[in-house]
Structures are given as C-alpha cells and as structure tokens.
file start21.cif (mmCIF, C-alpha atoms)
data_protein
loop_
_atom_site.label_atom_id
_atom_site.label_comp_id
_atom_site.auth_asym_id
_atom_site.auth_seq_id
_atom_site.Cartn_x
_atom_site.Cartn_y
_atom_site.Cartn_z
CA MET M 1 40.28 20.67 48.33
CA ILE M 2 42.55 19.75 51.25
CA VAL M 3 45.23 22.35 52.00
CA GLU M 4 48.20 21.07 54.00
CA LEU M 5 49.86 23.47 56.43
CA LYS M 6 53.40 22.45 57.36
CA ILE M 7 55.74 23.67 60.10
CA PRO M 8 57.54 26.72 58.64
CA SER M 9 61.29 27.31 58.83
CA ALA M 10 62.27 29.79 61.54
CA GLY M 11 65.93 30.08 60.55
CA GLU M 12 68.82 28.09 59.15
CA SER M 13 69.98 26.75 62.51
CA ILE M 14 66.50 25.79 63.76
CA THR M 15 65.33 22.26 62.92
CA GLU M 16 63.04 21.44 65.84
CA VAL M 17 60.05 23.43 67.12
CA ALA M 18 56.94 22.90 69.23
CA ILE M 19 53.32 23.91 68.85
CA GLY M 20 52.84 26.30 71.75
CA SER M 21 49.05 26.49 71.53
CA TRP M 22 46.23 26.12 69.03
CA MET M 23 44.10 29.25 68.74
CA ALA M 24 41.33 27.39 66.90
CA GLU M 25 39.64 24.11 67.85
CA ASP M 26 39.91 20.90 65.89
CA GLY M 27 37.03 20.73 63.41
CA SER M 28 36.25 24.44 63.66
CA TRP M 29 35.88 26.82 60.74
CA VAL M 30 38.85 29.15 60.14
CA GLU M 31 39.07 32.16 57.88
CA LYS M 32 41.85 33.00 55.45
CA ASP M 33 44.82 34.83 57.09
CA GLN M 34 43.53 33.89 60.57
CA GLU M 35 46.19 33.10 63.18
CA ILE M 36 45.43 29.52 64.16
CA ALA M 37 48.50 28.46 66.20
CA GLU M 38 51.73 29.59 67.81
CA VAL M 39 54.97 27.84 66.86
CA GLU M 40 57.64 28.05 69.57
CA THR M 41 61.34 27.86 68.73
CA ASP M 42 64.35 28.20 71.01
CA LYS M 43 64.57 31.88 70.01
CA ALA M 44 61.09 33.21 69.31
CA THR M 45 57.37 32.47 68.91
CA LEU M 46 56.02 32.53 65.36
CA PRO M 47 52.35 32.58 64.24
CA LEU M 48 50.84 29.87 62.02
CA ILE M 49 48.50 31.55 59.51
CA ALA M 50 45.64 29.87 57.64
CA PRO M 51 46.31 30.22 53.88
CA GLU M 52 42.65 29.56 52.98
CA SER M 53 39.23 29.46 54.62
CA GLY M 54 37.89 26.05 55.54
CA ARG M 55 37.43 23.32 58.14
CA LEU M 56 40.49 22.78 60.37
CA LYS M 57 41.88 19.34 61.18
CA ILE M 58 44.73 19.39 63.73
CA MET M 59 47.50 16.81 63.17
CA VAL M 60 49.92 17.79 65.98
CA LYS M 61 48.92 18.38 69.59
CA ALA M 62 50.10 21.44 71.51
CA GLY M 63 53.41 20.97 73.33
CA ILE M 64 54.63 18.19 71.02
CA LYS M 65 58.09 18.62 69.47
CA VAL M 66 58.14 18.39 65.67
CA SER M 67 60.59 19.05 62.87
CA VAL M 68 60.49 21.84 60.32
CA GLY M 69 58.43 20.65 57.35
CA ASP M 70 56.20 18.28 59.33
CA LEU M 71 52.46 18.44 58.73
CA ALA M 72 50.81 20.59 61.40
CA CYS M 73 47.20 20.60 60.18
CA THR M 74 44.96 20.50 57.14
CA ILE M 75 42.21 22.84 55.97
CA ASP M 76 39.28 21.45 53.97
CA THR M 77 38.22 24.29 51.68
CA ALA M 78 35.42 22.22 50.14
CA ASP M 79 33.59 22.03 53.47
CA LYS M 80 31.13 24.90 53.68
CA LYS M 81 30.59 27.08 56.73
CA VAL M 82 27.16 26.33 58.19
CA ASP M 83 25.10 29.33 59.25
CA LYS M 84 23.08 28.29 62.32
CA ALA M 85 20.36 30.84 61.57
CA GLU M 86 19.91 29.51 58.03
CA ALA M 87 19.93 25.89 59.25
CA ALA M 88 17.15 26.68 61.75
CA LYS M 89 14.81 28.12 59.08
CA PRO M 90 11.81 25.90 58.09
CA THR M 91 12.05 24.23 54.68
CA GLY M 92 8.35 24.57 53.88
CA LYS M 93 7.89 20.79 53.54
CA LYS M 94 5.33 19.09 55.76
CA GLY M 95 6.68 16.05 57.55
CA THR M 96 5.01 13.17 59.37
CA ALA M 97 3.50 13.53 62.84
CA LYS M 98 6.50 11.72 64.30
CA GLU M 99 8.92 14.06 62.56
CA GLU M 100 6.88 17.09 63.64
CA GLY M 101 7.06 15.84 67.22
CA LYS M 102 10.84 15.60 67.02
CA VAL M 103 10.98 19.10 65.58
CA LYS M 104 8.87 20.42 68.45
CA GLU M 105 11.10 18.69 71.01
CA LYS M 106 14.19 20.13 69.34
CA ALA M 107 12.59 23.60 69.28
CA ALA M 108 11.79 23.34 72.97
CA ALA M 109 15.36 22.30 73.74
CA THR M 110 16.64 25.17 71.61
CA ALA M 111 14.40 27.58 73.48
CA VAL M 112 15.76 26.37 76.80
CA THR M 113 19.31 26.65 75.50
CA THR M 114 18.61 30.15 74.24
CA VAL M 115 17.28 31.25 77.59
CA SER M 116 20.30 29.74 79.33
CA ALA M 117 22.67 31.42 76.92
CA SER M 118 20.91 34.73 77.49
CA ALA M 119 21.25 34.28 81.22
CA VAL M 120 24.95 33.48 80.83
CA LYS M 121 25.42 36.51 78.58
CA ALA M 122 23.70 38.76 81.11
CA ALA M 123 25.88 37.37 83.87
CA VAL M 124 29.04 37.83 81.85
CA LYS M 125 28.33 41.53 81.39
CA THR M 126 28.35 42.11 85.14
CA PRO M 127 31.42 43.83 86.66
CA VAL M 128 32.61 40.44 88.03
CA ILE M 129 34.43 39.67 84.79
CA LYS M 130 37.83 41.38 84.56
CA VAL M 131 39.79 41.42 81.30
CA THR M 132 43.45 42.45 81.05
CA PRO M 133 44.36 45.09 78.41
CA LEU M 134 46.42 42.53 76.44
CA ALA M 135 43.58 40.00 76.47
CA GLN M 136 41.12 42.71 75.39
CA ARG M 137 43.37 43.66 72.47
CA VAL M 138 43.53 40.04 71.28
CA MET M 139 39.75 39.71 71.69
CA ASP M 140 39.20 42.86 69.64
CA GLN M 141 41.46 41.55 66.88
CA HIS M 142 39.33 38.39 66.58
CA SER M 143 35.95 40.09 67.25
CA LEU M 144 35.36 38.14 70.45
CA GLU M 145 33.29 39.07 73.48
CA ALA M 146 33.93 37.94 77.05
CA GLU M 147 31.08 35.41 76.87
CA ASP M 148 32.65 33.85 73.75
CA VAL M 149 35.84 33.17 75.66
CA ILE M 150 34.02 31.83 78.73
CA ASN M 151 31.76 29.61 76.59
CA GLY M 152 34.83 28.20 74.90
CA LEU M 153 36.48 27.33 78.22
CA ARG M 154 33.57 26.31 80.47
CA LYS M 155 30.95 23.57 80.28
CA ILE M 156 28.20 22.64 82.74
CA THR M 157 28.69 19.22 84.35
CA ARG M 158 26.31 16.98 86.29
CA GLN M 159 28.11 17.95 89.51
CA ASP M 160 27.41 21.63 88.80
CA VAL M 161 23.68 20.97 88.39
CA GLU M 162 23.50 18.81 91.55
CA LYS M 163 25.33 21.48 93.52
CA VAL M 164 22.72 24.10 92.54
CA ILE M 165 19.84 21.73 93.42
CA ASN M 166 21.33 20.84 96.80
CA ASN M 167 21.94 24.50 97.60
CA ARG M 168 18.27 25.25 96.95
CA ILE M 169 16.95 22.52 99.27
CA GLY M 170 19.62 23.12 101.92
CA ARG M 171 21.25 19.70 101.59
CA PRO M 172 25.05 19.33 101.58
CA ALA M 173 26.37 18.56 98.15
CA PRO M 174 27.85 15.08 97.58
CA ALA M 175 31.56 14.76 97.05
CA PRO M 176 32.25 15.41 93.35
CA GLU M 177 33.63 12.59 91.31
CA ASN M 178 37.17 12.70 89.98
CA LEU M 179 37.93 15.94 91.85
CA PRO M 180 41.61 16.88 91.40
CA SER M 181 43.59 16.66 94.62
CA GLU M 182 44.78 19.88 96.25
CA ARG M 183 48.26 18.30 96.34
CA ARG M 184 48.32 17.59 92.64
CA ILE M 185 51.48 18.02 90.55
CA ASP M 186 51.04 19.43 87.06
CA LYS M 187 53.44 18.23 84.40
CA ALA M 188 54.03 20.15 81.18
CA PRO M 189 56.78 19.87 78.56
CA MET M 190 59.47 22.55 78.69
CA SER M 191 59.21 24.95 75.75
CA PRO M 192 62.08 25.10 73.22
CA LEU M 193 62.82 28.67 74.37
CA ARG M 194 63.09 27.59 78.02
CA ARG M 195 65.26 24.57 77.11
CA LYS M 196 67.63 26.74 75.10
CA LEU M 197 67.77 29.34 77.87
CA SER M 198 68.61 26.66 80.44
CA LYS M 199 71.51 25.32 78.38
CA ARG M 200 72.90 28.82 77.78
CA LEU M 201 72.78 29.76 81.47
CA VAL M 202 74.57 26.59 82.53
CA ALA M 203 77.17 27.15 79.80
CA VAL M 204 77.82 30.70 81.04
CA LYS M 205 78.41 29.46 84.56
CA ASN M 206 80.80 26.73 83.43
CA GLU M 207 82.67 28.49 80.62
CA THR M 208 83.23 32.05 81.85
CA ALA M 209 85.05 33.70 84.76
CA MET M 210 82.08 35.84 85.75
CA LEU M 211 82.58 38.58 88.31
CA THR M 212 80.28 41.43 89.45
CA THR M 213 81.09 44.97 90.53
CA PHE M 214 78.59 47.35 92.18
CA ASN M 215 77.92 51.04 92.59
CA GLU M 216 75.11 53.34 93.71
CA VAL M 217 73.50 56.06 91.62
CA ASP M 218 71.75 59.18 92.86
CA MET M 219 68.64 59.35 90.66
CA SER M 220 67.63 62.89 91.72
CA ALA M 221 68.63 64.62 88.47
CA VAL M 222 66.96 62.10 86.13
CA LEU M 223 63.77 61.93 88.19
CA ALA M 224 63.55 65.73 88.29
CA LEU M 225 64.14 65.88 84.52
CA ARG M 226 61.38 63.31 83.91
CA LYS M 227 58.92 65.07 86.21
CA LYS M 228 59.55 68.46 84.59
CA ASN M 229 59.16 67.23 80.99
CA GLN M 230 56.83 64.23 81.34
CA ALA M 231 53.67 65.98 80.12
CA ALA M 232 55.37 67.57 77.08
CA PHE M 233 57.13 64.31 76.18
CA GLN M 234 53.92 62.31 76.43
CA GLU M 235 52.01 64.84 74.36
CA LYS M 236 54.61 64.78 71.58
CA TYR M 237 55.48 61.06 71.46
CA GLY M 238 52.38 59.41 72.90
CA LEU M 239 54.16 57.46 75.65
CA LYS M 240 55.65 58.08 79.06
CA LEU M 241 59.32 58.86 79.53
CA GLY M 242 60.91 55.95 81.39
CA LEU M 243 64.28 55.23 82.97
CA MET M 244 65.53 52.50 80.63
CA SER M 245 66.23 54.98 77.83
CA PHE M 246 68.52 57.03 80.11
CA PHE M 247 70.52 53.96 81.13
CA THR M 248 70.69 52.74 77.53
CA ARG M 249 72.04 56.11 76.40
CA ALA M 250 74.52 56.23 79.30
CA CYS M 251 75.76 52.70 78.55
CA ALA M 252 76.09 53.50 74.84
CA GLU M 253 78.34 56.48 75.68
CA ALA M 254 80.37 54.50 78.23
CA LEU M 255 80.87 51.55 75.86
CA GLN M 256 82.54 53.85 73.35
CA LEU M 257 84.93 55.05 76.05
CA PHE M 258 85.63 51.49 77.25
CA PRO M 259 85.38 49.30 74.12
CA ARG M 260 86.70 46.21 75.93
CA VAL M 261 83.36 45.99 77.76
CA ASN M 262 81.71 45.90 74.32
CA SER M 263 83.95 43.02 73.17
CA MET M 264 83.58 39.24 73.14
CA ILE M 265 85.76 36.15 72.93
CA GLU M 266 85.71 33.88 69.90
CA GLU M 267 87.99 30.88 70.48
CA ASP M 268 91.45 32.50 70.91
CA ASP M 269 90.48 35.87 69.43
CA ILE M 270 88.97 39.04 70.89
CA LEU M 271 86.23 40.60 68.77
CA THR M 272 85.63 44.32 69.34
CA PRO M 273 82.70 45.64 67.26
CA GLY M 274 82.84 49.18 65.93
CA PHE M 275 79.15 49.60 66.76
CA VAL M 276 77.00 49.45 69.89
CA ASP M 277 73.98 47.11 69.80
CA ILE M 278 72.35 47.02 73.22
CA ALA M 279 69.96 44.20 74.17
CA ILE M 280 67.14 44.88 76.62
CA ALA M 281 65.88 41.96 78.73
CA VAL M 282 62.05 41.73 78.79
CA GLN M 283 60.18 39.30 81.03
CA THR M 284 57.22 37.60 79.31
CA ASP M 285 54.85 34.76 80.14
CA LYS M 286 56.92 32.45 77.95
CA GLY M 287 60.30 33.36 79.40
CA LEU M 288 62.96 36.01 79.09
CA MET M 289 63.16 37.74 75.70
CA VAL M 290 66.16 39.93 74.82
CA PRO M 291 65.43 42.15 71.78
CA VAL M 292 68.29 44.25 70.43
CA ILE M 293 68.52 48.01 69.76
CA ARG M 294 70.85 48.50 66.79
CA ASN M 295 73.33 51.42 66.81
CA ALA M 296 72.12 52.60 70.21
CA ASN M 297 74.96 55.12 70.37
CA LYS M 298 73.41 57.06 67.46
CA LEU M 299 69.98 57.45 69.08
CA GLY M 300 68.71 60.11 71.46
CA ILE M 301 66.49 59.58 74.49
CA SER M 302 63.25 59.94 72.50
CA GLY M 303 64.37 57.52 69.78
CA LEU M 304 65.49 54.97 72.37
CA GLU M 305 62.22 55.30 74.31
CA LEU M 306 60.13 54.67 71.21
CA ILE M 307 62.17 51.61 70.16
CA ILE M 308 62.21 50.16 73.69
CA ALA M 309 58.43 50.50 74.00
CA ASP M 310 57.87 48.89 70.59
CA LEU M 311 60.22 45.95 71.25
CA ALA M 312 58.81 45.37 74.75
CA GLN M 313 55.25 45.24 73.40
CA LYS M 314 56.26 42.81 70.65
CA ALA M 315 58.04 40.63 73.20
CA ARG M 316 55.01 40.41 75.49
CA GLU M 317 52.74 39.64 72.53
CA GLY M 318 55.15 37.01 71.19
CA LYS M 319 55.66 38.85 67.90
CA LEU M 320 59.43 39.40 67.95
CA SER M 321 61.25 38.22 64.85
CA ILE M 322 64.49 36.22 64.90
CA GLU M 323 66.36 39.25 63.51
CA GLU M 324 65.14 41.45 66.37
CA MET M 325 66.70 39.08 68.91
CA THR M 326 69.90 38.23 67.06
CA GLY M 327 73.23 39.79 67.96
CA GLY M 328 73.77 42.40 70.62
CA THR M 329 77.10 43.49 72.10
CA PHE M 330 75.89 44.40 75.60
CA THR M 331 72.75 43.75 77.69
CA ILE M 332 70.73 45.71 80.26
CA THR M 333 68.29 44.01 82.63
CA ASN M 334 66.00 45.73 85.12
CA GLY M 335 65.07 43.69 88.17
CA GLY M 336 63.93 46.85 89.90
CA VAL M 337 60.49 46.64 88.28
CA PHE M 338 59.91 43.51 90.40
CA GLY M 339 61.29 45.10 93.57
CA SER M 340 64.85 43.77 93.47
CA MET M 341 67.28 45.74 95.65
CA LEU M 342 70.48 44.06 94.44
CA SER M 343 71.45 41.13 92.23
CA THR M 344 74.30 39.65 90.20
CA PRO M 345 72.94 39.43 86.64
CA ILE M 346 74.20 36.52 84.57
CA LEU M 347 75.94 37.09 81.23
CA ASN M 348 74.09 36.86 77.92
CA PRO M 349 76.56 34.88 75.74
CA PRO M 350 78.59 35.54 73.68
CA GLN M 351 78.58 39.03 75.25
CA SER M 352 81.09 39.76 77.97
CA ALA M 353 79.14 42.17 80.18
CA ILE M 354 75.63 42.93 81.43
CA LEU M 355 74.27 45.82 83.51
CA GLY M 356 71.69 45.17 86.21
CA MET M 357 69.32 47.94 87.32
CA HIS M 358 67.40 47.73 90.61
CA ASN M 359 64.67 49.51 92.54
CA ILE M 360 64.93 53.11 93.68
CA VAL M 361 64.81 53.63 97.44
CA GLU M 362 65.13 56.82 99.44
CA ARG M 363 68.34 56.51 101.48
CA PRO M 364 70.39 58.85 103.69
CA VAL M 365 73.54 60.01 101.89
CA ALA M 366 76.35 62.39 102.86
CA VAL M 367 76.77 65.41 100.56
CA ASN M 368 79.47 67.95 101.46
CA GLY M 369 79.47 66.82 105.05
CA LYS M 370 75.67 66.95 105.45
CA ILE M 371 73.05 64.19 105.49
CA PHE M 372 70.35 64.26 102.81
CA ILE M 373 67.60 61.83 101.78
CA ARG M 374 68.08 60.97 98.11
CA PRO M 375 66.51 58.43 95.69
CA ILE M 376 69.28 55.85 95.29
CA MET M 377 69.57 52.91 92.88
CA TYR M 378 72.15 50.17 93.25
CA VAL M 379 73.59 49.08 89.89
CA ALA M 380 75.61 45.96 89.12
CA LEU M 381 77.93 45.09 86.24
CA SER M 382 78.63 41.40 85.68
CA TYR M 383 81.53 40.75 83.31
CA ASP M 384 83.80 38.03 81.99
CA HIS M 385 87.09 38.50 83.84
CA ARG M 386 88.94 36.56 81.12
CA LEU M 387 88.48 39.57 78.87
CA ILE M 388 87.61 42.57 81.05
CA ASP M 389 89.92 43.68 83.85
CA GLY M 390 88.82 45.38 87.03
CA ARG M 391 89.95 48.78 85.84
CA ASP M 392 87.73 48.76 82.76
CA SER M 393 84.72 47.28 84.54
CA VAL M 394 84.84 49.67 87.50
CA SER M 395 85.58 52.68 85.28
CA PHE M 396 82.73 51.78 82.93
CA LEU M 397 80.23 51.50 85.78
CA PHE M 398 81.45 54.75 87.32
CA LYS M 399 80.99 56.52 83.95
CA VAL M 400 77.40 55.23 83.78
CA LYS M 401 76.84 56.55 87.30
CA GLU M 402 78.32 59.93 86.33
CA LEU M 403 76.13 60.26 83.24
CA ILE M 404 72.93 59.34 85.09
CA GLU M 405 73.70 61.81 87.88
CA ASN M 406 74.51 64.51 85.28
CA PRO M 407 72.27 63.58 82.30
CA VAL M 408 73.15 66.73 80.32
CA LYS M 409 76.59 65.20 79.72
CA MET M 410 74.95 62.57 77.50
CA VAL M 411 74.37 65.26 74.87
CA LEU M 412 78.08 66.10 74.98
CA GLU M 413 79.18 62.48 74.47
CA GLY M 414 80.13 62.18 78.12
CA ALA M 415 82.35 65.29 78.19
CA ASP M 416 82.34 67.85 80.99
CA PRO M 417 80.54 71.02 79.74
CA GLU M 418 82.82 73.29 81.78
CA LYS M 419 85.95 71.74 80.25
CA LEU M 420 84.45 72.09 76.78
CA LEU M 421 83.69 75.72 77.51
CA LEU M 422 87.29 76.33 78.62
CA ASP M 423 88.67 74.20 75.76
CA LEU M 424 90.48 71.96 78.26
#
call {"tool": "encode", "arguments": {"input": "start21.cif", "output": "structure tokens"}}
result
Amino acid sequence: MIVELKIPSAGESITEVAIGSWMAEDGSWVEKDQEIAEVETDKATLPLIAPESGRLKIMVKAGIKVSVGDLACTIDTADKKVDKAEAAKPTGKKGTAKEEGKVKEKAAATAVTTVSASAVKAAVKTPVIKVTPLAQRVMDQHSLEAEDVINGLRKITRQDVEKVINNRIGRPAPAPENLPSERRIDKAPMSPLRRKLSKRLVAVKNETAMLTTFNEVDMSAVLALRKKNQAAFQEKYGLKLGLMSFFTRACAEALQLFPRVNSMIEEDDILTPGFVDIAIAVQTDKGLMVPVIRNANKLGISGLELIIADLAQKAREGKLSIEEMTGGTFTITNGGVFGSMLSTPILNPPQSAILGMHNIVERPVAVNGKIFIRPIMYVALSYDHRLIDGRDSVSFLFKVKELIENPVKMVLEGADPEKLLLDL
C-alpha cells in the first residue's frame, strides 16, 4: 500500500512553504511516527511525521517552495524492512562451483568491509569527535551513535585512497580532481522565515517614525540578588536564574504605568490592549524567533524564568508553534549575549516599542560625589514616534531603570516601599 504524505496546513494565512531538510534518505526505511522532514513557513518550522512504517520515496527536494496540499513524499508499506543479518545467513542449499566462488568473493569483501567499519568505529570513539549538547539530544532521540552520523555524511573516494598511498611512499599527492575553489560562492534559496523577516524589517523602516532613547542601568542590586539566591533557585526550579526575567518583569510593570508604549496603530485607530504580552527575541540557526509570554504582568520572576527557558529551547530546536509566536504587545531583545555595547533595536510590527539590552561592563560612576566602579548596562528603547511621545518613552525607560536598580519594588507593583509604609 502506498501512503501519500502531503504538505500540511500551518495556518489560514499560509499557502506557501518550503522543505527545510529531509531527516531520512530517499529509499530508506522509516518507522511510524518518525520525524522525516522539516517544513519551513514564514513564521515557524513544523515537523513532517511518517503516518506508517515503510519505504520512503521523496517527491520534493529540500529548499524547494511548494504549496499546502502538494505531495511531499510517499511511503510504501508493502515493502518489507530487510534485516542484513538475516539476509547474510546461509540458505542450506548447495549451489554450483561458480556460485560458490561468487559467494566466497562476496564473503571476503564483506570481511574487508567489516574490518574497515570496525576501524572507523574505533576511530570515531576517540576524543577527536566533539558533539554539541543539542546534536547529542537529537541523536539520543533517534538512537544514533556518532559513527552513524559520520557514515551517513562521509564516503571514501579514489582521491582519499591515493592520498594515503602517496603518504606512505613519501610521494606528493596529485592534484585532486574537481576540487572546489577556495574562492567559491555558495548559493542557497532564502527560507520562507528569512524572506518574511526581510519584508517586515523593510516595512518598519519605511512605514514608521522610529526613534531610540537610551539610559544606563546599575546592575549591582540584581547581580547581588542573583548571586545570593542562585543555588537555592537552581535547587528548587532546576535552572539558573537569569537576567531576562528581571527585565521582563520590570517592563511588564512599566507598561501598565505607561499604556501608550503597549499600544499599536491600526489604520487611523490606536489600539491599547488591557493585557501585557511580551515577546522575547531568540536567535536560532534559522533566523530570529520571537515567542510570546502571555499575561507577563501576572507572573513572578520564577514563572517568567521557567517560561523563557522553555520557549528559548523550543525556538532553538525549531519546535515553536504558530500560536506561541502570534501576537505580542511589546518586545525585548538582548544583544548583550553576543557582546553588544549599544544598539538601536528595530521595531517588531505591529508593536510600537522594543527594549534592547546590552552587555554589562564595569564602569566608573559618581555616587554622592564619589567615584565607584559599578556593573553598568546600557539600555535602548526604540519606539514609533507617531504614537509614543518623548515623555512617555523616556519615562517608561527610566521606570525600567528604577525597577532594575531597586528590584524589590517589582513586588510592590513599582511603588516606593517607604511611601507605602507612610501611606503617602
């Protein structure tokens, strides 16, 4: 029975996708529920799952644009999986001398291949091979060893054999045939996600009056708080306490005090949501992903940290759903993890503002007339000046600075504890 596997729908507005990569070879055996390909849309990457076990026949090459509903591949369930060990067993029937000779030659070749494979396997297990944690996790999911991956990517060519022979006899190796030039130019189709991102960025530049305001934040209080409670937090929640959760919480509080920064323009109207959904920019191998934290203003530091870690992992593994990247009223991006000192982050439409975090550097600062060395971060707020005036933008950023420098105020919804105590 031939099972047809068609390109699935990734949403009402998505009609065109691309096969990002095939995770199984054409003609190979695939198991039921095995992930055999990645389908890339302009918003997310979706897995293509085998509905039945059988022999795979690929109909669409990787990187080719196709429409939803097009045939991606077929699976022949009638074709049986051949066990190499069973196929190598003798049948008990005595053949002719000529046939026996062929069998002996094949056995000799198999023996040589087995020895070579053993040598390769022994070499693979040396410390030379390094595997990233993400690659190891994927390998564990599919029960693969390092040699399986290398065997699937590498083949021995005539040039490889000649090079070994020439090295043994001390003769310079001949120039390999069809060797790629060092000045080669690789050409690859742009992914739907990258194409969509390009169009959105150009639209932001042309259709908004984007402006950026800056400030500096003394990170001493937050860093001291993290250092003091890091071990207890990690023991209770199983992950390290980061900085993004503090900035997300601070922005959530500030957005409620300055709702215009949480607003957006729709034609001639101003939309001001009564909720705070903060998007967090995550850099992945396939481009920038921006998953959304719903109702961020109702979450504490621990809740935000857990959600941020989960969404970031999904983004890097390409497992974010369309719903997890839809919406958002405000965005935070952190260029500091790559060493950025200062930048002007670009808006994430249709939002009207985005906060940029940067690296932390020890700088001399004046405190009460004296010079101290403090860990300082420069922060930037880019905003649409058509909607947000300078007063709101500067006041919003200053409130974020105030909350980060006095993190206890986040528990009090941004209020001053002394004024609360005195009922002022």
call {"tool": "resolve_selection", "arguments": {"input": "start21.cif", "expression": "the PyMOL selection byres ((chain M and resi 283-286) around 9)", "output": "NGL selection string"}}
result
:M and (191 or 193-194 or 281-282 or 287-290 or 312 or 315-318)
call {"tool": "residues_around", "arguments": {"input": "start21.cif", "residues": "Lys6 in chain M", "least_positions_apart": "5", "cutoff": "9 Å", "atoms": "all atoms listed in the file", "output": "list in words"}}
result
Val68, Gly69, Asp70, Leu71, Ala72, Cys73 and Thr74 of chain M
call {"tool": "residues_around", "arguments": {"input": "start21.cif", "residues": "Thr329 in chain M", "least_positions_apart": "2", "cutoff": "6 Å", "atoms": "only C-alpha atoms", "output": "PyMOL selection string"}}
result
chain M and resi 262+277+351
call {"tool": "closest_residue", "arguments": {"input": "start21.cif", "among": "M:Ile14, M:Val217, M:Met210, M:Ala252", "to": "Gly390 in chain M", "atoms": "all atoms listed in the file"}}
result
M:Met210
call {"tool": "resolve_selection", "arguments": {"input": "start21.cif", "expression": "the PyMOL selection byres ((chain M and resi 308) around 12)", "output": "PDB file with C-alpha atoms, in the coordinates of the input"}}
result
ATOM      1  CA  LEU M 239      54.160  57.460  75.650  1.00  0.00           C
ATOM      2  CA  LYS M 240      55.650  58.080  79.060  1.00  0.00           C
ATOM      3  CA  LEU M 241      59.320  58.860  79.530  1.00  0.00           C
ATOM      4  CA  GLY M 242      60.910  55.950  81.390  1.00  0.00           C
ATOM      5  CA  LEU M 243      64.280  55.230  82.970  1.00  0.00           C
ATOM      6  CA  MET M 244      65.530  52.500  80.630  1.00  0.00           C
ATOM      7  CA  SER M 245      66.230  54.980  77.830  1.00  0.00           C
ATOM      8  CA  PHE M 246      68.520  57.030  80.110  1.00  0.00           C
ATOM      9  CA  PHE M 247      70.520  53.960  81.130  1.00  0.00           C
ATOM     10  CA  THR M 248      70.690  52.740  77.530  1.00  0.00           C
ATOM     11  CA  ARG M 249      72.040  56.110  76.400  1.00  0.00           C
ATOM     12  CA  ILE M 278      72.350  47.020  73.220  1.00  0.00           C
ATOM     13  CA  ALA M 279      69.960  44.200  74.170  1.00  0.00           C
ATOM     14  CA  ILE M 280      67.140  44.880  76.620  1.00  0.00           C
ATOM     15  CA  ALA M 281      65.880  41.960  78.730  1.00  0.00           C
ATOM     16  CA  VAL M 282      62.050  41.730  78.790  1.00  0.00           C
ATOM     17  CA  VAL M 290      66.160  39.930  74.820  1.00  0.00           C
ATOM     18  CA  PRO M 291      65.430  42.150  71.780  1.00  0.00           C
ATOM     19  CA  VAL M 292      68.290  44.250  70.430  1.00  0.00           C
ATOM     20  CA  ILE M 293      68.520  48.010  69.760  1.00  0.00           C
ATOM     21  CA  ARG M 294      70.850  48.500  66.790  1.00  0.00           C
ATOM     22  CA  ALA M 296      72.120  52.600  70.210  1.00  0.00           C
ATOM     23  CA  LEU M 299      69.980  57.450  69.080  1.00  0.00           C
ATOM     24  CA  ILE M 301      66.490  59.580  74.490  1.00  0.00           C
ATOM     25  CA  SER M 302      63.250  59.940  72.500  1.00  0.00           C
ATOM     26  CA  GLY M 303      64.370  57.520  69.780  1.00  0.00           C
ATOM     27  CA  LEU M 304      65.490  54.970  72.370  1.00  0.00           C
ATOM     28  CA  GLU M 305      62.220  55.300  74.310  1.00  0.00           C
ATOM     29  CA  LEU M 306      60.130  54.670  71.210  1.00  0.00           C
ATOM     30  CA  ILE M 307      62.170  51.610  70.160  1.00  0.00           C
ATOM     31  CA  ALA M 309      58.430  50.500  74.000  1.00  0.00           C
ATOM     32  CA  ASP M 310      57.870  48.890  70.590  1.00  0.00           C
ATOM     33  CA  LEU M 311      60.220  45.950  71.250  1.00  0.00           C
ATOM     34  CA  ALA M 312      58.810  45.370  74.750  1.00  0.00           C
ATOM     35  CA  GLN M 313      55.250  45.240  73.400  1.00  0.00           C
ATOM     36  CA  LYS M 314      56.260  42.810  70.650  1.00  0.00           C
ATOM     37  CA  ALA M 315      58.040  40.630  73.200  1.00  0.00           C
ATOM     38  CA  GLU M 324      65.140  41.450  66.370  1.00  0.00           C
ATOM     39  CA  ILE M 332      70.730  45.710  80.260  1.00  0.00           C
TER      40      ILE M 332
END
call {"tool": "closest_residue", "arguments": {"input": "start21.cif", "among": "M:Met377, M:Met410, M:Ala254, M:Ile19", "to": "Phe398 in chain M", "atoms": "all atoms listed in the file"}}
result
M:Ala254
